[in-house]
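Asks: Have a peek at upload_15.cif (mmCIF, C-alpha atoms).
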data_coords
loop_
_atom_site.group_PDB
_atom_site.id
_atom_site.type_symbol
_atom_site.label_atom_id
_atom_site.label_comp_id
_atom_site.auth_asym_id
_atom_site.auth_seq_id
_atom_site.Cartn_x
_atom_site.Cartn_y
_atom_site.Cartn_z
ATOM 1 C CA MET A 1 -11.029 -14.918 -5.520
ATOM 2 C CA THR A 2 -9.167 -14.668 -8.802
ATOM 3 C CA GLY A 3 -5.511 -13.783 -8.749
ATOM 4 C CA LEU A 4 -3.094 -13.593 -11.660
ATOM 5 C CA SER A 5 -0.807 -15.979 -9.799
ATOM 6 C CA GLY A 6 -3.389 -18.761 -10.255
ATOM 7 C CA LEU A 7 -4.303 -18.111 -13.892
ATOM 8 C CA SER A 8 -2.795 -18.621 -17.315
ATOM 9 C CA TRP A 9 -3.329 -16.109 -20.127
ATOM 10 C CA PRO A 10 -6.118 -18.043 -21.946
ATOM 11 C CA GLU A 11 -8.216 -17.830 -18.776
ATOM 12 C CA LEU A 12 -8.394 -14.021 -18.959
ATOM 13 C CA THR A 13 -11.573 -13.835 -21.005
ATOM 14 C CA GLY A 14 -13.960 -10.935 -21.200
ATOM 15 C CA PRO A 15 -13.490 -7.530 -19.643
ATOM 16 C CA ARG A 16 -11.660 -7.663 -16.329
ATOM 17 C CA LEU A 17 -10.572 -5.054 -13.826
ATOM 18 C CA LEU A 18 -7.041 -5.456 -12.486
ATOM 19 C CA ALA A 19 -6.627 -4.619 -8.785
ATOM 20 C CA VAL A 20 -2.994 -3.901 -7.880
ATOM 21 C CA PRO A 21 -2.041 -3.934 -4.181
ATOM 22 C CA LEU A 22 0.556 -1.274 -3.346
ATOM 23 C CA GLY A 23 2.461 -1.433 -0.104
ATOM 24 C CA ALA A 24 5.830 -0.765 1.430
ATOM 25 C CA VAL A 25 8.659 -2.467 3.276
ATOM 26 C CA GLU A 26 9.166 -0.306 6.341
ATOM 27 C CA GLN A 27 9.239 -0.451 10.098
ATOM 28 C CA HIS A 28 5.931 -0.482 11.951
ATOM 29 C CA GLY A 29 7.061 -0.027 15.511
ATOM 30 C CA PRO A 30 8.621 -2.803 17.562
ATOM 31 C CA HIS A 31 5.531 -5.037 17.387
ATOM 32 C CA LEU A 32 4.541 -5.282 13.706
ATOM 33 C CA PRO A 33 6.300 -6.721 10.626
ATOM 34 C CA PHE A 34 7.801 -4.670 7.795
ATOM 35 C CA THR A 35 5.060 -5.897 5.440
ATOM 36 C CA VAL A 36 1.995 -4.385 7.157
ATOM 37 C CA ASP A 37 1.064 -1.977 4.352
ATOM 38 C CA THR A 38 1.500 -4.625 1.658
ATOM 39 C CA GLU A 39 -0.508 -7.231 3.566
ATOM 40 C CA ILE A 40 -3.363 -4.767 4.112
ATOM 41 C CA ALA A 41 -3.424 -3.786 0.425
ATOM 42 C CA VAL A 42 -3.459 -7.456 -0.630
ATOM 43 C CA ALA A 43 -6.319 -8.245 1.757
ATOM 44 C CA LEU A 44 -8.362 -5.310 0.441
ATOM 45 C CA CYS A 45 -7.828 -6.388 -3.182
ATOM 46 C CA GLU A 46 -8.742 -9.972 -2.357
ATOM 47 C CA ARG A 47 -11.949 -8.843 -0.670
ATOM 48 C CA LEU A 48 -12.805 -6.733 -3.704
ATOM 49 C CA ALA A 49 -12.295 -9.753 -5.969
ATOM 50 C CA LEU A 50 -14.533 -11.885 -3.750
ATOM 51 C CA ARG A 51 -17.335 -9.345 -4.176
ATOM 52 C CA ARG A 52 -16.859 -8.586 -7.874
ATOM 53 C CA ALA A 53 -16.523 -11.549 -10.235
ATOM 54 C CA ARG A 54 -14.647 -9.684 -12.973
ATOM 55 C CA VAL A 55 -11.830 -8.434 -10.694
ATOM 56 C CA VAL A 56 -8.395 -10.012 -10.964
ATOM 57 C CA VAL A 57 -5.783 -9.362 -8.274
ATOM 58 C CA ALA A 58 -2.232 -8.689 -9.437
ATOM 59 C CA PRO A 59 0.769 -9.723 -7.384
ATOM 60 C CA ALA A 60 1.531 -6.964 -4.887
ATOM 61 C CA LEU A 61 4.071 -4.246 -5.494
ATOM 62 C CA PRO A 62 5.759 -4.419 -2.082
ATOM 63 C CA TYR A 63 8.264 -1.579 -2.524
ATOM 64 C CA GLY A 64 7.373 2.068 -2.511
ATOM 65 C CA SER A 65 8.378 5.463 -1.250
ATOM 66 C CA SER A 66 9.379 5.057 2.400
ATOM 67 C CA GLY A 67 12.273 7.455 2.789
ATOM 68 C CA GLU A 68 10.690 8.934 5.898
ATOM 69 C CA HIS A 69 11.356 5.604 7.660
ATOM 70 C CA ALA A 70 15.052 5.421 6.722
ATOM 71 C CA GLY A 71 16.094 5.985 10.343
ATOM 72 C CA PHE A 72 14.993 2.440 11.193
ATOM 73 C CA ALA A 73 16.898 -0.706 10.174
ATOM 74 C CA GLY A 74 15.246 -2.878 7.537
ATOM 75 C CA THR A 75 13.240 -0.187 5.776
ATOM 76 C CA LEU A 76 13.576 -0.525 1.990
ATOM 77 C CA SER A 77 12.498 2.332 -0.282
ATOM 78 C CA ILE A 78 12.641 2.978 -4.016
ATOM 79 C CA GLY A 79 11.639 6.646 -3.657
ATOM 80 C CA GLN A 80 8.882 8.730 -5.193
ATOM 81 C CA GLU A 81 10.251 9.022 -8.733
ATOM 82 C CA ALA A 82 10.864 5.286 -9.100
ATOM 83 C CA THR A 83 7.469 4.460 -7.589
ATOM 84 C CA GLU A 84 5.746 6.775 -10.064
ATOM 85 C CA THR A 85 7.686 5.339 -13.011
ATOM 86 C CA VAL A 86 6.975 1.737 -12.026
ATOM 87 C CA LEU A 87 3.249 2.449 -11.724
ATOM 88 C CA VAL A 88 3.063 4.276 -15.048
ATOM 89 C CA GLU A 89 4.822 1.446 -16.872
ATOM 90 C CA LEU A 90 2.843 -1.242 -15.036
ATOM 91 C CA VAL A 91 -0.522 0.295 -15.968
ATOM 92 C CA ARG A 92 0.608 0.948 -19.533
ATOM 93 C CA SER A 93 1.313 -2.786 -19.824
ATOM 94 C CA ALA A 94 -2.158 -3.740 -18.579
ATOM 95 C CA ASP A 95 -4.005 -3.152 -21.859
ATOM 96 C CA ALA A 96 -5.596 -6.617 -21.663
ATOM 97 C CA PHE A 97 -7.722 -5.307 -18.799
ATOM 98 C CA ALA A 98 -10.754 -3.030 -18.931
ATOM 99 C CA GLY A 99 -9.189 -0.897 -16.224
ATOM 100 C CA VAL A 100 -6.814 -0.827 -13.290
ATOM 101 C CA VAL A 101 -7.410 0.148 -9.677
ATOM 102 C CA LEU A 102 -4.339 0.826 -7.563
ATOM 103 C CA VAL A 103 -5.088 -0.026 -3.918
ATOM 104 C CA CYS A 104 -2.523 1.835 -1.839
ATOM 105 C CA ALA A 105 -2.148 1.127 1.875
ATOM 106 C CA HIS A 106 1.003 3.223 2.404
ATOM 107 C CA GLY A 107 0.660 6.967 2.893
ATOM 108 C CA GLY A 108 4.187 7.631 1.626
ATOM 109 C CA ASN A 109 3.079 6.439 -1.819
ATOM 110 C CA ALA A 110 0.270 9.002 -2.098
ATOM 111 C CA VAL A 111 2.171 11.642 -4.073
ATOM 112 C CA PRO A 112 3.738 9.303 -6.658
ATOM 113 C CA VAL A 113 0.483 7.340 -7.048
ATOM 114 C CA ARG A 114 -1.501 10.519 -7.697
ATOM 115 C CA ARG A 115 1.082 11.751 -10.202
ATOM 116 C CA ALA A 116 1.096 8.383 -11.988
ATOM 117 C CA VAL A 117 -2.709 8.290 -12.156
ATOM 118 C CA ALA A 118 -2.836 11.841 -13.532
ATOM 119 C CA LYS A 119 -0.292 11.010 -16.244
ATOM 120 C CA LEU A 120 -2.078 7.771 -17.169
ATOM 121 C CA ARG A 121 -5.499 9.431 -17.326
ATOM 122 C CA TYR A 122 -4.040 12.147 -19.541
ATOM 123 C CA GLU A 123 -2.965 9.291 -21.845
ATOM 124 C CA GLY A 124 -6.576 8.066 -21.874
ATOM 125 C CA ARG A 125 -6.090 5.034 -19.651
ATOM 126 C CA ASN A 126 -8.823 3.740 -17.361
ATOM 127 C CA VAL A 127 -7.079 3.872 -13.994
ATOM 128 C CA ALA A 128 -8.087 4.818 -10.471
ATOM 129 C CA ALA A 129 -6.406 4.826 -7.090
ATOM 130 C CA TRP A 130 -7.928 4.097 -3.717
ATOM 131 C CA PHE A 131 -6.321 4.906 -0.395
ATOM 132 C CA PRO A 132 -8.037 3.368 2.645
ATOM 133 C CA ARG A 133 -8.247 5.889 5.441
ATOM 134 C CA GLY A 134 -8.220 5.440 9.157
ATOM 135 C CA SER A 135 -8.718 7.871 11.956
ATOM 136 C CA GLY A 136 -6.540 10.980 11.692
ATOM 137 C CA ASP A 137 -5.480 10.634 15.319
ATOM 138 C CA ASP A 138 -4.329 7.012 14.946
ATOM 139 C CA SER A 139 -1.530 6.921 12.460
ATOM 140 C CA HIS A 140 1.411 4.645 11.767
ATOM 141 C CA ALA A 141 1.598 1.326 13.692
ATOM 142 C CA GLY A 142 -1.244 2.403 15.962
ATOM 143 C CA HIS A 143 -4.523 0.822 16.968
ATOM 144 C CA THR A 144 -5.875 0.514 13.427
ATOM 145 C CA GLU A 145 -2.900 -1.194 11.778
ATOM 146 C CA THR A 146 -2.345 -3.387 14.835
ATOM 147 C CA SER A 147 -6.014 -4.432 14.864
ATOM 148 C CA VAL A 148 -6.009 -5.173 11.144
ATOM 149 C CA MET A 149 -2.888 -7.304 11.486
ATOM 150 C CA LEU A 150 -4.433 -9.148 14.435
ATOM 151 C CA ALA A 151 -7.337 -9.985 12.111
ATOM 152 C CA LEU A 152 -5.202 -10.867 9.068
ATOM 153 C CA ARG A 153 -2.183 -12.568 10.624
ATOM 154 C CA PRO A 154 -2.261 -12.627 14.415
ATOM 155 C CA SER A 155 1.014 -14.537 14.701
ATOM 156 C CA ALA A 156 2.821 -11.541 13.152
ATOM 157 C CA VAL A 157 1.870 -9.199 16.011
ATOM 158 C CA ARG A 158 4.472 -9.328 18.769
ATOM 159 C CA ARG A 159 2.201 -8.635 21.705
ATOM 160 C CA ASP A 160 5.094 -8.677 24.161
ATOM 161 C CA ARG A 161 6.559 -5.640 22.346
ATOM 162 C CA LEU A 162 3.408 -3.499 22.357
ATOM 163 C CA ALA A 163 4.163 -0.055 23.751
ATOM 164 C CA PRO A 164 2.686 3.368 23.133
ATOM 165 C CA GLY A 165 4.711 5.586 20.850
ATOM 166 C CA ASN A 166 4.068 9.237 20.122
ATOM 167 C CA THR A 167 0.296 9.566 20.406
ATOM 168 C CA SER A 168 0.088 13.125 19.083
ATOM 169 C CA PRO A 169 -2.225 13.567 16.087
ATOM 170 C CA LEU A 170 -0.369 13.344 12.788
ATOM 171 C CA PRO A 171 -1.286 16.896 11.703
ATOM 172 C CA SER A 172 0.607 18.274 14.698
ATOM 173 C CA LEU A 173 3.705 16.209 13.808
ATOM 174 C CA ILE A 174 3.721 16.456 10.029
ATOM 175 C CA ASP A 175 6.163 19.369 9.637
ATOM 176 C CA GLU A 176 8.752 17.804 11.936
ATOM 177 C CA LEU A 177 8.185 14.392 10.324
ATOM 178 C CA ARG A 178 8.723 15.797 6.829
ATOM 179 C CA ALA A 179 11.875 17.580 7.935
ATOM 180 C CA GLY A 180 13.481 14.773 9.931
ATOM 181 C CA GLY A 181 11.627 11.562 9.158
ATOM 182 C CA VAL A 182 9.705 9.302 11.508
ATOM 183 C CA ARG A 183 12.689 8.958 13.861
ATOM 184 C CA ALA A 184 12.442 12.709 14.605
ATOM 185 C CA VAL A 185 8.932 12.282 16.051
ATOM 186 C CA SER A 186 9.026 8.715 17.398
ATOM 187 C CA GLU A 187 11.863 6.676 18.887
ATOM 188 C CA SER A 188 9.839 3.464 18.532
ATOM 189 C CA GLY A 189 8.520 4.114 15.032
#
Is it possible to give me this structure as structure tokens?
Replies:
Amino acid sequence: MTGLSGLSWPELTGPRLLAVPLGAVEQHGPHLPFTVDTEIAVALCERLALRRARVVVAPALPYGSSGEHAGFAGTLSIGQEATETVLVELVRSADAFAGVVLVCAHGGNAVPVRRAVAKLRYEGRNVAAWFPRGSGDDSHAGHTETSVMLALRPSAVRRDRLAPGNTSPLPSLIDELRAGGVRAVSESG
């Protein structure tokens, strides 16, 4: 796997694709760390680089738009506008690469990522975004994210704190969630 953190500029020869992991610093229930989304995005980028020789993994952008999680201590958010601006400027600076793929593992970043990609494509830049998707009935801090973290970093999963939260499908909660944040639909996050 090739990451920018292990290279110097003369080693970036030939056309390369830059994979940028996008995450968040937000609560993931009482059993998972704040860094779940970032860790998943990093792992996906690293796996891409292992399969494609010309892919270079950028350091992760760990902050994003997580305002919906503000009701829980420790959540850090830079908001949608700042997230969009950071991504636009980051990709504009990546002219040494043949293209950029933004790998986003945080749903709250979807709107600013899509806006940034649209603006950058309008400017003629080679950029794409990929959002891994799980089951629609297993959303935040559920079976999927817990299982992935057990595979990536089992010591980070606090098994003694596992407890079911609101198990309603996200589509049935989305209006209340948008109006009042995650705390409005789940006491445990």
Asks: Could I get the residues of region 8-32 of chain A with an atom no further than 8 Å from an atom of region 137-156 of chain A, each paired with its nearest atom pair and that distance in Å to one decimal, using only C-alpha atoms, sorted by chain and residue number, as a Markdown table?
Replies:
| residue | atom | partner | partner_atom | distance |
| --- | --- | --- | --- | --- |
| A:His28 | CA | A:Ala141 | CA | 5.0 |
| A:Gly29 | CA | A:Ala141 | CA | 5.9 |
| A:Leu32 | CA | A:Ala156 | CA | 6.5 |
Asks: Which residues are close to Val103 (chain A), i.e. within 12 Å by all atoms listed in the file, leaving aside same-chain residues fewer than 4 positions away? Reply as an MDAnalysis selection string.
Replies: chainID A and resid 18:23 37:48 57:62 87 107 109:110 113:114 117 127:133
Asks: Could you give me the axis-aligned bounding box of region 129-138 of chain A, with 8 Å of padding per side, as centre plus edge lengths in Å to one decimal, as lines of an AutoDock Vina configuration file?
Replies:
center_x = -6.5
center_y = 7.2
center_z = 4.1
size_x = 20.4
size_y = 23.6
size_z = 38.4
Asks: Residue by residue, what does the PyMOL selection byres ((chain A and resi 30) around 10) grab here? Present the result as a list of chain:residue names.
Replies: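 For this structure, the PyMOL selection byres ((chain A and resi 30) around 10) captures A:Gln27, A:His28, A:Gly29, A:His31, A:Leu32, A:Pro33, A:Phe34, A:Ala141, A:Val157, A:Arg158, A:Arg159, A:Asp160, A:Arg161, A:Leu162, A:Ala163, A:Gly165, A:Ser188, A:Gly189.
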Asks: If I take CA of Gly79 (chain A) and CA of Arg178 (chain A), how far is one from the other in Å, to one decimal?
Replies: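 Separation of CA of Gly79 (chain A) and CA of Arg178 (chain A): 14.2 Å.
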Asks: Using all atoms listed in the file, which of A:Tyr122, A:Val185, A:Pro169, A:Glu26 sits nearest Phe72 (chain A)?
Replies: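 Answer, going by the shortest atom-to-atom distance: A:Glu26.
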Asks: Name all residues at most 9 Å from Glu68 (chain A) (count all atoms listed in the file; drop same-chain ones fewer than 4 positions away) and give them as a PyMOL selection string.
Replies: chain A and resi 108+177-183
Asks: Interatomic distance between CA of Val111 (chain A) and CA of Gly74 (chain A)?
Replies: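 One can read the CA of Val111 (chain A) to CA of Gly74 (chain A) distance as 22.7 Å.
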Asks: Provide the CA of Cys104 (chain A) to CA of Val91 (chain A) distance in Å, to one decimal place.
Replies: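 Straight-line distance from CA of Cys104 (chain A) to CA of Val91 (chain A) works out to 14.4 Å.
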Asks: Written as a short mmCIF file (atom, residue, chain, number, x, y, z; two decimals) with C-alpha atoms, in the frame of the given file, which residues does the PyMOL selection byres ((chain A and resi 83) around 9) give for the file shown?
Replies:
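Output file result_23.cif is given in full below:
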data_model
loop_
_atom_site.label_atom_id
_atom_site.label_comp_id
_atom_site.auth_asym_id
_atom_site.auth_seq_id
_atom_site.Cartn_x
_atom_site.Cartn_y
_atom_site.Cartn_z
CA TYR A 63 8.26 -1.58 -2.52
CA GLY A 64 7.37 2.07 -2.51
CA SER A 65 8.38 5.46 -1.25
CA ILE A 78 12.64 2.98 -4.02
CA GLY A 79 11.64 6.65 -3.66
CA GLN A 80 8.88 8.73 -5.19
CA GLU A 81 10.25 9.02 -8.73
CA ALA A 82 10.86 5.29 -9.10
CA GLU A 84 5.75 6.78 -10.06
CA THR A 85 7.69 5.34 -13.01
CA VAL A 86 6.98 1.74 -12.03
CA LEU A 87 3.25 2.45 -11.72
CA VAL A 88 3.06 4.28 -15.05
CA ASN A 109 3.08 6.44 -1.82
CA PRO A 112 3.74 9.30 -6.66
CA VAL A 113 0.48 7.34 -7.05
CA ALA A 116 1.10 8.38 -11.99
#
Asks: Counting only C-alpha atoms, I want the residues whose atoms come within 7 Å of (-17.2, -7.7, -14.6) in the file frame, returned as a PyMOL selection string.
Replies: chain A and resi 15-16+52-55
Asks: Once the PyMOL selection byres ((chain A and resi 6-14) around 9) has been evaluated on this model, what residues remain selected, and can you format them as a PyMOL selection string?
Replies: chain A and resi 2-5+15-16+54+56+96-98
